[in-house]
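Since the structure comes first, as structure tokens, the remarks are kept for the end.
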Amino acid sequence: MSESVATYPAIEAPAWKSISNALAAVVLAVLFLSAGIWKITDPLGWEAKVIQLKVPGMFAMPLTLVLGSLEVFSGVLLLVPRFRRWGAWLSGILLVVFMAYVGINYTELTGADCSCFPWLKRAVGPGFFVGDAAMLLLSVIAGLWGIPSFSRRSAVLVLAAITVFAGASYGITIAKQTGLEAPASVMVDGKEYSLKSGRIYLFFYDPSCQHCKESAERMSKYKWAGGAKVLGVPTTLKQFAAQFLKDTAVVAPFTNDSDALRKVFEFGDPPFAVALEHGRQKAAFVDFSKTEPEAALKKMGWIE
């Protein structure tokens, strides 16, 4: 038998319950739709945020797209009375999983940006749990006081449409990516190091260069944002590469694959740096004065 409204008997509920249910569902739907649409339409930016929350780079983009799609799906379900209970349970599950993840990693994540909504800045701390607990309460109200959900086929079609939209948005975003493309990976400590995930600041240096040393010492004080990571690239005297980073207080790995990188990013004498985003050059830096490249990186949102 096909699903229909007639499958379920009408449920009479007090007016205050119906109103509370509708209000809770609408408020929660707005929150989840804004969070999900933001992730789907800015997957690269959100990939960096996810990496900042200690998710491995290889999983960051898939998680961004899946999470964004599920949040939009939850929001749509919450707005439609016949789907509302499903939307409430799905949103509740997402909230509980996120709260559990943050709780398990609380020490490492304290102070990290966890702003899921475009207009609201949040950081991991006690207030995070209060806010998510309030949203969890809304999901309970929307679920318990709603009518039993029905029409699975229609709900699946909604999810399929959202998935197609997420995939198309990702494809368009990637197609718009410009700039020189770095090698897919380099070797770091005998292992492959991907240059395709998130933000990577390639710092080319000569361990015997005083200008490189001064630039690195200033760089060691940067507070990186958006999940940006530094990768040192010694251009000569590579046996002193690690000691240079230690002496300048730069906490970063280094690669000896400078030849492969210099085939793509051409420059004269170091210091030189390249800001990579998902494997493509977003900016290159040759000015290492007292105010640069700090000012440029701040403008790009790479450092605080």
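In the structure tokens, chains take the letters A, B, ... in the order shown, each chain's residues start at 1, and ligands count up from 1 in the order shown.
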Contacts of Cys209 (chain A) within 12 Å, only C-alpha atoms, excl. fewer than 5 positions in-chain, as a compact mmCIF listing (two decimals) with C-alpha atoms, in the first residue's frame:
# COMPACT_ATOMS: atom_id res chain seq x y z
CA PHE A 204 61.28 28.60 0.70
CA GLU A 214 64.78 37.20 10.15
CA SER A 215 61.70 36.46 8.05
CA ALA A 216 61.25 33.07 9.68
CA PRO A 234 65.00 24.47 2.04
CA THR A 235 66.55 25.39 -1.31
CA THR A 236 70.16 24.56 -0.40
CA LEU A 237 72.22 23.21 2.51
CA PHE A 240 70.69 22.22 8.06
CA ALA A 241 66.98 22.54 7.25
CA PHE A 244 67.15 26.42 10.84
CA ASP A 269 66.87 33.92 -4.30
CA PRO A 270 64.91 33.07 -1.15
CA PRO A 271 63.11 33.94 0.98
CA PHE A 272 60.03 33.25 -1.09
Could you tell me, as a compact mmCIF listing (two decimals) with C-alpha atoms, in the first residue's frame, which residues of region 72-304 of chain A DSSP assigns to alpha helix (DSSP H) when given the backbone?
# COMPACT_ATOMS: atom_id res chain seq x y z
CA VAL A 72 19.77 21.34 4.51
CA PHE A 73 17.77 18.10 4.39
CA SER A 74 16.94 18.46 8.09
CA GLY A 75 15.84 22.05 7.57
CA VAL A 76 13.53 21.16 4.69
CA LEU A 77 12.01 18.24 6.60
CA LEU A 78 11.36 20.45 9.62
CA LEU A 79 9.40 22.95 7.51
CA ARG A 84 8.75 17.22 10.59
CA ARG A 85 9.31 14.37 12.99
CA TRP A 86 12.00 12.86 10.74
CA GLY A 87 13.65 16.26 10.46
CA ALA A 88 13.58 16.68 14.23
CA TRP A 89 15.23 13.32 14.86
CA LEU A 90 17.85 13.89 12.18
CA SER A 91 18.73 17.35 13.48
CA GLY A 92 18.86 15.96 17.02
CA ILE A 93 21.25 13.19 15.97
CA LEU A 94 23.52 15.69 14.21
CA LEU A 95 23.59 17.91 17.30
CA VAL A 96 24.34 15.02 19.66
CA VAL A 97 27.15 13.70 17.44
CA PHE A 98 28.73 17.16 17.13
CA MET A 99 28.46 17.80 20.87
CA ALA A 100 30.01 14.41 21.60
CA TYR A 101 32.89 15.05 19.18
CA VAL A 102 33.64 18.45 20.71
CA GLY A 103 33.34 16.99 24.21
CA ILE A 104 35.81 14.20 23.46
CA TYR A 106 37.44 19.58 24.22
CA THR A 107 40.97 20.20 25.53
CA GLU A 108 42.43 20.50 22.02
CA LEU A 109 39.51 22.44 20.58
CA PRO A 126 31.01 26.26 27.85
CA GLY A 127 28.73 28.51 25.79
CA PHE A 128 28.97 26.11 22.86
CA PHE A 129 27.26 23.34 24.82
CA VAL A 130 24.59 25.71 26.13
CA GLY A 131 23.72 26.83 22.59
CA ASP A 132 23.63 23.32 21.15
CA ALA A 133 21.61 22.05 24.12
CA ALA A 134 19.02 24.76 23.39
CA MET A 135 18.84 23.63 19.76
CA LEU A 136 18.53 20.03 20.92
CA LEU A 137 15.54 21.05 23.05
CA LEU A 138 13.93 22.63 19.97
CA SER A 139 14.41 19.36 18.06
CA VAL A 140 12.74 17.42 20.88
CA ILE A 141 9.74 19.80 20.86
CA ALA A 142 9.50 19.63 17.06
CA GLY A 143 9.64 15.84 17.16
CA LEU A 144 7.50 14.87 20.14
CA ARG A 152 9.35 8.25 2.54
CA ARG A 153 9.57 8.33 -1.24
CA SER A 154 9.02 12.09 -1.33
CA ALA A 155 11.60 12.61 1.41
CA VAL A 156 14.15 10.54 -0.52
CA LEU A 157 13.52 12.68 -3.62
CA VAL A 158 14.18 15.80 -1.54
CA LEU A 159 17.47 14.34 -0.33
CA ALA A 160 18.43 13.39 -3.90
CA ALA A 161 17.78 16.94 -5.10
CA ILE A 162 19.88 18.41 -2.27
CA THR A 163 22.70 15.96 -3.03
CA VAL A 164 22.70 16.97 -6.70
CA PHE A 165 22.78 20.64 -5.69
CA ALA A 166 25.73 20.02 -3.34
CA GLY A 167 27.62 18.15 -6.04
CA ALA A 168 26.96 20.87 -8.62
CA SER A 169 28.06 23.59 -6.19
CA TYR A 170 31.30 21.74 -5.48
CA GLY A 171 31.94 21.23 -9.20
CA ILE A 172 31.39 24.91 -9.98
CA THR A 173 33.64 25.96 -7.08
CA ILE A 174 36.47 23.73 -8.25
CA ALA A 175 36.04 24.90 -11.87
CA GLN A 210 70.23 36.04 7.26
CA HIS A 211 67.19 37.59 5.56
CA CYS A 212 65.51 34.16 5.56
CA LYS A 213 66.29 33.83 9.26
CA GLU A 214 64.78 37.20 10.15
CA SER A 215 61.70 36.46 8.05
CA ALA A 216 61.25 33.07 9.68
CA GLU A 217 61.58 34.55 13.18
CA ARG A 218 58.78 37.01 12.41
CA MET A 219 56.71 34.22 10.86
CA ALA A 241 66.98 22.54 7.25
CA ALA A 242 65.70 21.21 10.58
CA GLN A 243 68.20 23.22 12.64
CA PHE A 244 67.15 26.42 10.84
CA LEU A 245 63.50 25.87 11.81
CA LYS A 246 64.49 25.09 15.39
CA ASP A 247 66.70 28.17 15.68
CA SER A 258 62.42 21.87 -3.60
CA ASP A 259 63.36 21.02 -7.21
CA ALA A 260 59.87 19.74 -8.04
CA LEU A 261 58.27 22.78 -6.42
CA ARG A 262 60.60 25.27 -8.14
CA LYS A 263 59.62 23.86 -11.53
CA VAL A 264 56.13 25.21 -10.83
CA GLU A 294 52.06 39.72 7.39
CA ALA A 295 49.77 42.49 6.13
CA ALA A 296 48.89 40.58 2.97
CA LEU A 297 48.20 37.35 4.88
CA LYS A 298 45.93 39.19 7.31
CA LYS A 299 43.99 40.69 4.41
CA MET A 300 43.59 37.19 2.94
Task: Computed interatomic separation between CA of Gly227 (chain A) and CA of Gly198 (chain A) (Å) - done: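 Here the two named atoms are 7.0 Å from each other.
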Open item on the list: If I take CA of Gly179 (chain A) and CA of Lys282 (chain A), how far is one from the other in Å, to one decimal?
Closed with: 6.3 Å
Open item on the list: If DSSP is run on the backbone, what residues of region 50-254 of chain A are strand (DSSP E)? A reply as an MDAnalysis selection string would be ideal.
Closed with: chainID A and resid 185:188 191:194 199:205 229:234
Keeping C-alpha atoms, export the residues of the selection given above as a PDB file, in the first residue's frame.
ATOM      1  CA  SER A 185      52.236  15.720  -2.876  1.00  0.00           C
ATOM      2  CA  VAL A 186      55.805  15.978  -1.624  1.00  0.00           C
ATOM      3  CA  MET A 187      57.819  13.795   0.726  1.00  0.00           C
ATOM      4  CA  VAL A 188      58.030  14.775   4.389  1.00  0.00           C
ATOM      5  CA  LYS A 191      55.965   9.910   3.861  1.00  0.00           C
ATOM      6  CA  GLU A 192      53.746  11.532   1.236  1.00  0.00           C
ATOM      7  CA  TYR A 193      52.432  14.941   2.273  1.00  0.00           C
ATOM      8  CA  SER A 194      49.381  16.102   0.335  1.00  0.00           C
ATOM      9  CA  ARG A 199      45.635  25.947   3.133  1.00  0.00           C
ATOM     10  CA  ILE A 200      49.387  25.403   3.005  1.00  0.00           C
ATOM     11  CA  TYR A 201      51.999  28.154   3.256  1.00  0.00           C
ATOM     12  CA  LEU A 202      55.153  27.060   1.437  1.00  0.00           C
ATOM     13  CA  PHE A 203      58.155  28.895   2.864  1.00  0.00           C
ATOM     14  CA  PHE A 204      61.281  28.596   0.701  1.00  0.00           C
ATOM     15  CA  TYR A 205      64.488  29.378   2.576  1.00  0.00           C
ATOM     16  CA  LYS A 229      49.706  25.067   7.871  1.00  0.00           C
ATOM     17  CA  VAL A 230      53.331  25.960   7.197  1.00  0.00           C
ATOM     18  CA  LEU A 231      55.636  23.717   5.192  1.00  0.00           C
ATOM     19  CA  GLY A 232      59.303  24.637   5.029  1.00  0.00           C
ATOM     20  CA  VAL A 233      61.202  24.161   1.757  1.00  0.00           C
ATOM     21  CA  PRO A 234      64.998  24.472   2.038  1.00  0.00           C
TER      22      PRO A 234
END
Open item on the list: Give me, as a PyMOL selection string, all polymer residues having an atom no more than 9 Å from Gly301 (chain A), counting only C-alpha atoms and skipping those fewer than 5 positions away in the same chain.
Closed with: chain A and resi 224-226+296
